[in-house]
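J.: My questions all concern the structure below.
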Amino acid sequence: MSINLSAASFSYLLPKGRVIKAIQPTTLSIQPGEFVAVIGANGSGKSTLAKLLNGLLLPTNGEVLIDGHNTKDADNKVFARRRVGLVFQNPDNQLTATIVEDDVAFGPENLGLPPEEIRARVDRALKTVGMTEHKDEDPHNLSAGQRQKIAVAGILAMEPKYLVMDEPTSMLDPVGRRAILETLSELRQKSSIGIVYITHIIEETVEADRILVMTEGKIIANGPPREILTDESLMESASLYMTRPTDLARRLAKQGIPVSKDIITVEEVVKELCSLK
Ligand SMILES: Nc1ncnc2c1ncn2[C@@H]1O[C@H](COP(=O)(O)OP(=O)(O)O)[C@@H](O)[C@H]1O
Ligand SMILES: [Mg+2]
């Protein structure tokens with residue numbers, strides 16, 4: 001079981017025969033239970049990759065297999081959408097109903113499940129995202145962060161094996177951001193869902209199992225957060241910023257202060273500074 005790209009590429013075809021090569025031939029595997037973060041500058045191909053992962057876009061060349069099912073095979077379309085849930089930037093594009101629980105039920109209803117199964121799934125999904133107490137409210141009266149949680153619940157109610165999130169926190173305030181990340185961290189502990197988390201907020205990737213770095217449609221690095229986030233030349237070549245803890249540690253080290261250069265969290269900076277004599 002895994003999502004596998006084998007030499008998969010994607011080009012957008014524009015009028016007058018113009019072609020934009022958004023994804024260069026890429027080979028990649030995503031396992032259930034993994035939390036894979038994807039970072040890269042604007043236009044580096046992150047959203048296109050997300051859509052290849054659930055069959056919303058089909059590779060121009062190469063293959064994408066979802067648990068062995070080729071997305072190019074028309075018979076696998078429904079399977080692909082069920083297996084791989086996609087959450088977008090703007091929750092409002094995903095909300096359809098005027099009552100929270102109806103909204104979460106929308107997906108499972110379309111799967112044609114029996115009512116009691118739908119009921120159970122909706123309750124579970126709302127509980128997972130911590131929104132049970134808002135189940136009778138109108139999503140439009142909730143905060144953006146809460147609406148994004150409802151959108152996540154709607155996807156979870158489909159019980160996908162993989163969750164692909166394309167900058168799900170970029171429209172949220174810090175409180176909403178934290179709430180989504182906490183929900184994901186709980187989901188990781190309680191389930192074996194595979195998560196692909198695309199973000200331009202580098203701080204959000206420190207807890208990932210591994211980070212993919214994209215530039216110009218290519219994955220130029222794939223490794224654990226500590227290796228990726230402390231690699232100054234890699235981050236620079238991908239036009240990405242170093243997080244403040246990492247940057248601070250480096251600057252202190254350059255001043256001759258003996259702190260480790262592979263720091264990635266605030267807690268680690270504090271610990272290092274407190275241990276200085
Ligand atoms: N619908 C589209 N039609 C034409 N070109 C597109 C379309 N969507 C994205 N692109 C182009 O494909 C490349 C990758 O875009 P995208 O996958 O959206 O990157 P990211 O999500 O990293 O910003 C960019 O050059 C972008 O302009
Ligand atoms: Mg994008």
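All residue names refer to the structure tokens as shown: chains lettered A, B, ... in order, residues numbered from 1 in each chain, ligands numbered from 1 in order.
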Tell me, as a VMD selection string, which residues lie within 10 Å of A:Leu57, counting only C-alpha atoms; anything in the same chain fewer than 3 positions away does not count.

T.: chain A and resid 10 48 to 54 60 71 to 72

J.: Produce a table with one row for each residue of stretch 110-156 of chain A that has an atom at most 10 Å from any atom of stretch 83-90 of chain A, each row naming the nearest atom pair and its distance in Å at one decimal; use only C-alpha atoms; arrange rows by chain and rising residue number; format as a Markdown table.

T.:
| residue | atom | partner | partner_atom | distance |
| --- | --- | --- | --- | --- |
| A:Ala144 | CA | A:Asn90 | CA | 8.7 |
| A:Arg147 | CA | A:Asn90 | CA | 9.2 |
| A:Gln148 | CA | A:Asn90 | CA | 7.6 |
| A:Ala151 | CA | A:Val87 | CA | 7.2 |
| A:Val152 | CA | A:Val87 | CA | 6.6 |
| A:Gly154 | CA | A:Gly85 | CA | 9.4 |
| A:Ile155 | CA | A:Gly85 | CA | 5.7 |
| A:Leu156 | CA | A:Gly85 | CA | 7.6 |

J.: Got time to write the residues from that selection, C-alpha atoms, as a PDB file, in the first residue's frame?

T.:
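result.pdb, freshly written:
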ATOM      1  CA  ALA A 144     -11.924  30.645   9.121  1.00  0.00           C
ATOM      2  CA  ARG A 147     -14.382  26.336   8.789  1.00  0.00           C
ATOM      3  CA  GLN A 148     -11.146  24.701   7.685  1.00  0.00           C
ATOM      4  CA  ALA A 151     -13.629  20.993   5.604  1.00  0.00           C
ATOM      5  CA  VAL A 152     -11.069  18.540   7.022  1.00  0.00           C
ATOM      6  CA  GLY A 154     -15.778  16.404   5.538  1.00  0.00           C
ATOM      7  CA  ILE A 155     -12.776  14.730   3.939  1.00  0.00           C
ATOM      8  CA  LEU A 156     -12.111  12.474   6.956  1.00  0.00           C
TER       9      LEU A 156
END

J.: Nearest to ligand 1: which of A:Tyr12, A:Tyr241, A:Phe35, A:Tyr197 is it, counting only C-alpha atoms and all ligand atoms?

T.: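 Residue with the minimum atom-to-atom distance to ligand 1: A:Tyr12.
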
J.: Name all residues at most 9 Å from A:Arg244 (count only C-alpha atoms; drop same-chain ones fewer than 5 positions away) and give them as number ranges by chain.

T.: A: 203, 249, 264-266

J.: Those residues with N, CA, C and O atoms, as a compact mmCIF listing (two decimals), in the first residue's frame please?

T.:
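out_4.txt, written as the output of this step:
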# COMPACT_ATOMS: atom_id res chain seq x y z
N GLU A 203 8.01 26.84 9.38
CA GLU A 203 7.92 26.42 10.79
C GLU A 203 6.97 25.23 10.96
O GLU A 203 7.11 24.45 11.91
N ALA A 249 20.54 30.29 15.70
CA ALA A 249 21.62 29.38 16.10
C ALA A 249 22.82 29.55 15.18
O ALA A 249 23.97 29.58 15.63
N ILE A 264 16.33 23.29 15.22
CA ILE A 264 15.16 23.65 14.41
C ILE A 264 13.96 24.15 15.22
O ILE A 264 12.99 24.60 14.63
N THR A 265 14.03 24.06 16.54
CA THR A 265 12.88 24.56 17.31
C THR A 265 13.32 25.60 18.34
O THR A 265 14.49 25.65 18.74
N VAL A 266 12.35 26.40 18.78
CA VAL A 266 12.62 27.41 19.79
C VAL A 266 13.12 26.74 21.07
O VAL A 266 14.07 27.20 21.70

J.: I need the residues of stretch 136-237 of chain A that end up classed as strand (DSSP E or B) by DSSP on the backbone, written out as a PyMOL selection string.

T.: chain A and resi 162-166+194-198+210-215+218-223

J.: Could the residues in this selection be written to a file with N, CA and C atoms, as a compact mmCIF listing (two decimals), in the first residue's frame?

T.:
# COMPACT_ATOMS: atom_id res chain seq x y z
N TYR A 162 -5.21 8.41 2.58
CA TYR A 162 -4.22 9.46 2.47
C TYR A 162 -4.94 10.80 2.47
N LEU A 163 -4.27 11.79 3.05
CA LEU A 163 -4.82 13.13 3.11
C LEU A 163 -3.78 14.07 2.51
N VAL A 164 -4.16 14.76 1.44
CA VAL A 164 -3.25 15.71 0.82
C VAL A 164 -3.79 17.11 1.11
N MET A 165 -2.97 17.94 1.74
CA MET A 165 -3.43 19.26 2.12
C MET A 165 -2.57 20.31 1.43
N ASP A 166 -3.24 21.17 0.65
CA ASP A 166 -2.52 22.18 -0.12
C ASP A 166 -2.63 23.54 0.58
N GLY A 194 -1.90 8.47 5.76
CA GLY A 194 -0.70 9.11 5.22
C GLY A 194 -1.03 10.56 4.91
N ILE A 195 -0.19 11.49 5.36
CA ILE A 195 -0.50 12.91 5.16
C ILE A 195 0.58 13.58 4.32
N VAL A 196 0.16 14.26 3.27
CA VAL A 196 1.06 15.09 2.48
C VAL A 196 0.65 16.53 2.76
N TYR A 197 1.55 17.27 3.36
CA TYR A 197 1.21 18.60 3.86
C TYR A 197 2.02 19.67 3.15
N ILE A 198 1.37 20.38 2.25
CA ILE A 198 2.04 21.43 1.48
C ILE A 198 1.92 22.75 2.23
N ARG A 210 9.38 13.55 6.98
CA ARG A 210 10.37 14.02 6.01
C ARG A 210 9.80 15.20 5.24
N ILE A 211 10.71 15.93 4.62
CA ILE A 211 10.32 17.12 3.87
C ILE A 211 10.79 16.96 2.43
N LEU A 212 9.90 17.26 1.49
CA LEU A 212 10.28 17.32 0.09
C LEU A 212 10.45 18.79 -0.27
N VAL A 213 11.55 19.11 -0.96
CA VAL A 213 11.77 20.49 -1.39
C VAL A 213 11.64 20.55 -2.90
N MET A 214 10.78 21.45 -3.37
CA MET A 214 10.55 21.55 -4.81
C MET A 214 11.08 22.86 -5.38
N THR A 215 11.70 22.78 -6.54
CA THR A 215 11.97 23.97 -7.36
C THR A 215 11.72 23.60 -8.80
N LYS A 218 10.68 20.15 -9.85
CA LYS A 218 11.51 19.00 -9.45
C LYS A 218 11.61 18.91 -7.94
N ILE A 219 11.67 17.67 -7.45
CA ILE A 219 11.96 17.49 -6.03
C ILE A 219 13.48 17.47 -5.91
N ILE A 220 14.04 18.54 -5.31
CA ILE A 220 15.50 18.63 -5.25
C ILE A 220 16.06 18.08 -3.95
N ALA A 221 15.20 17.85 -2.96
CA ALA A 221 15.67 17.23 -1.72
C ALA A 221 14.52 16.52 -1.05
N ASN A 222 14.85 15.49 -0.27
CA ASN A 222 13.85 14.64 0.37
C ASN A 222 14.53 14.06 1.60
N GLY A 223 14.21 14.60 2.77
CA GLY A 223 14.91 14.12 3.97
C GLY A 223 14.24 14.59 5.24

J.: Compute the set of protein, DNA and RNA residues whose minimum atom distance to ligand 1 is at most 8 Å, using only C-alpha atoms and all ligand atoms, and state it as a count of residues only.

T.: 22

J.: With a distance cut-off of 10 Å and only C-alpha atoms, select the neighbouring residues of stretch 131-141 of chain A, excluding the residue or stretch itself and same-chain residues fewer than 5 positions from it, and output the selection as a count of residues only.

T.: 23

J.: Can you list, as a VMD selection string, all residues belonging to stretch 161-224 of chain A that DSSP tags as helix (DSSP H, G or I)?

T.: chain A and resid 174 to 190 202 to 205

J.: What does the file look like for those residues with C-alpha atoms, as a PDB file, in the first residue's frame?

T.:
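Output below, filename again_27.pdb:
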ATOM      1  CA  PRO A 174      -2.161  31.943  14.118  1.00  0.00           C
ATOM      2  CA  VAL A 175      -4.884  30.465  16.354  1.00  0.00           C
ATOM      3  CA  GLY A 176      -6.556  28.722  13.406  1.00  0.00           C
ATOM      4  CA  ARG A 177      -3.181  27.532  12.177  1.00  0.00           C
ATOM      5  CA  ARG A 178      -2.295  25.967  15.476  1.00  0.00           C
ATOM      6  CA  ALA A 179      -5.704  24.304  15.688  1.00  0.00           C
ATOM      7  CA  ILE A 180      -5.253  22.619  12.300  1.00  0.00           C
ATOM      8  CA  LEU A 181      -1.745  21.447  13.172  1.00  0.00           C
ATOM      9  CA  GLU A 182      -2.929  20.056  16.494  1.00  0.00           C
ATOM     10  CA  THR A 183      -5.723  18.203  14.716  1.00  0.00           C
ATOM     11  CA  LEU A 184      -3.163  16.678  12.357  1.00  0.00           C
ATOM     12  CA  SER A 185      -0.879  15.689  15.173  1.00  0.00           C
ATOM     13  CA  GLU A 186      -3.769  13.876  16.861  1.00  0.00           C
ATOM     14  CA  LEU A 187      -4.746  12.226  13.612  1.00  0.00           C
ATOM     15  CA  ARG A 188      -1.185  10.951  13.265  1.00  0.00           C
ATOM     16  CA  GLN A 189      -1.288   9.404  16.707  1.00  0.00           C
ATOM     17  CA  LYS A 190      -4.684   7.797  16.343  1.00  0.00           C
ATOM     18  CA  ILE A 202       8.446  26.535   7.002  1.00  0.00           C
ATOM     19  CA  GLU A 203       7.920  26.422  10.794  1.00  0.00           C
ATOM     20  CA  GLU A 204       4.995  24.041  10.205  1.00  0.00           C
ATOM     21  CA  THR A 205       7.287  21.337   8.862  1.00  0.00           C
TER      22      THR A 205
END

J.: Measuring between only C-alpha atoms and all ligand atoms, which one of A:Ile118, A:Met1, A:Val38, A:Val206 shows the shortest distance to ligand 2?

T.: A:Val38

J.: Looking at A:Ser29, A:Ile39, A:Asp231, A:Ala157, which one is nearest to A:Arg121, with distances taken over only C-alpha atoms?

T.: A:Ala157

J.: Could you tell me how far atom CA of A:Met242 lies from atom CA of A:Val270, in Å and to one decimal?

T.: 17.4 Å
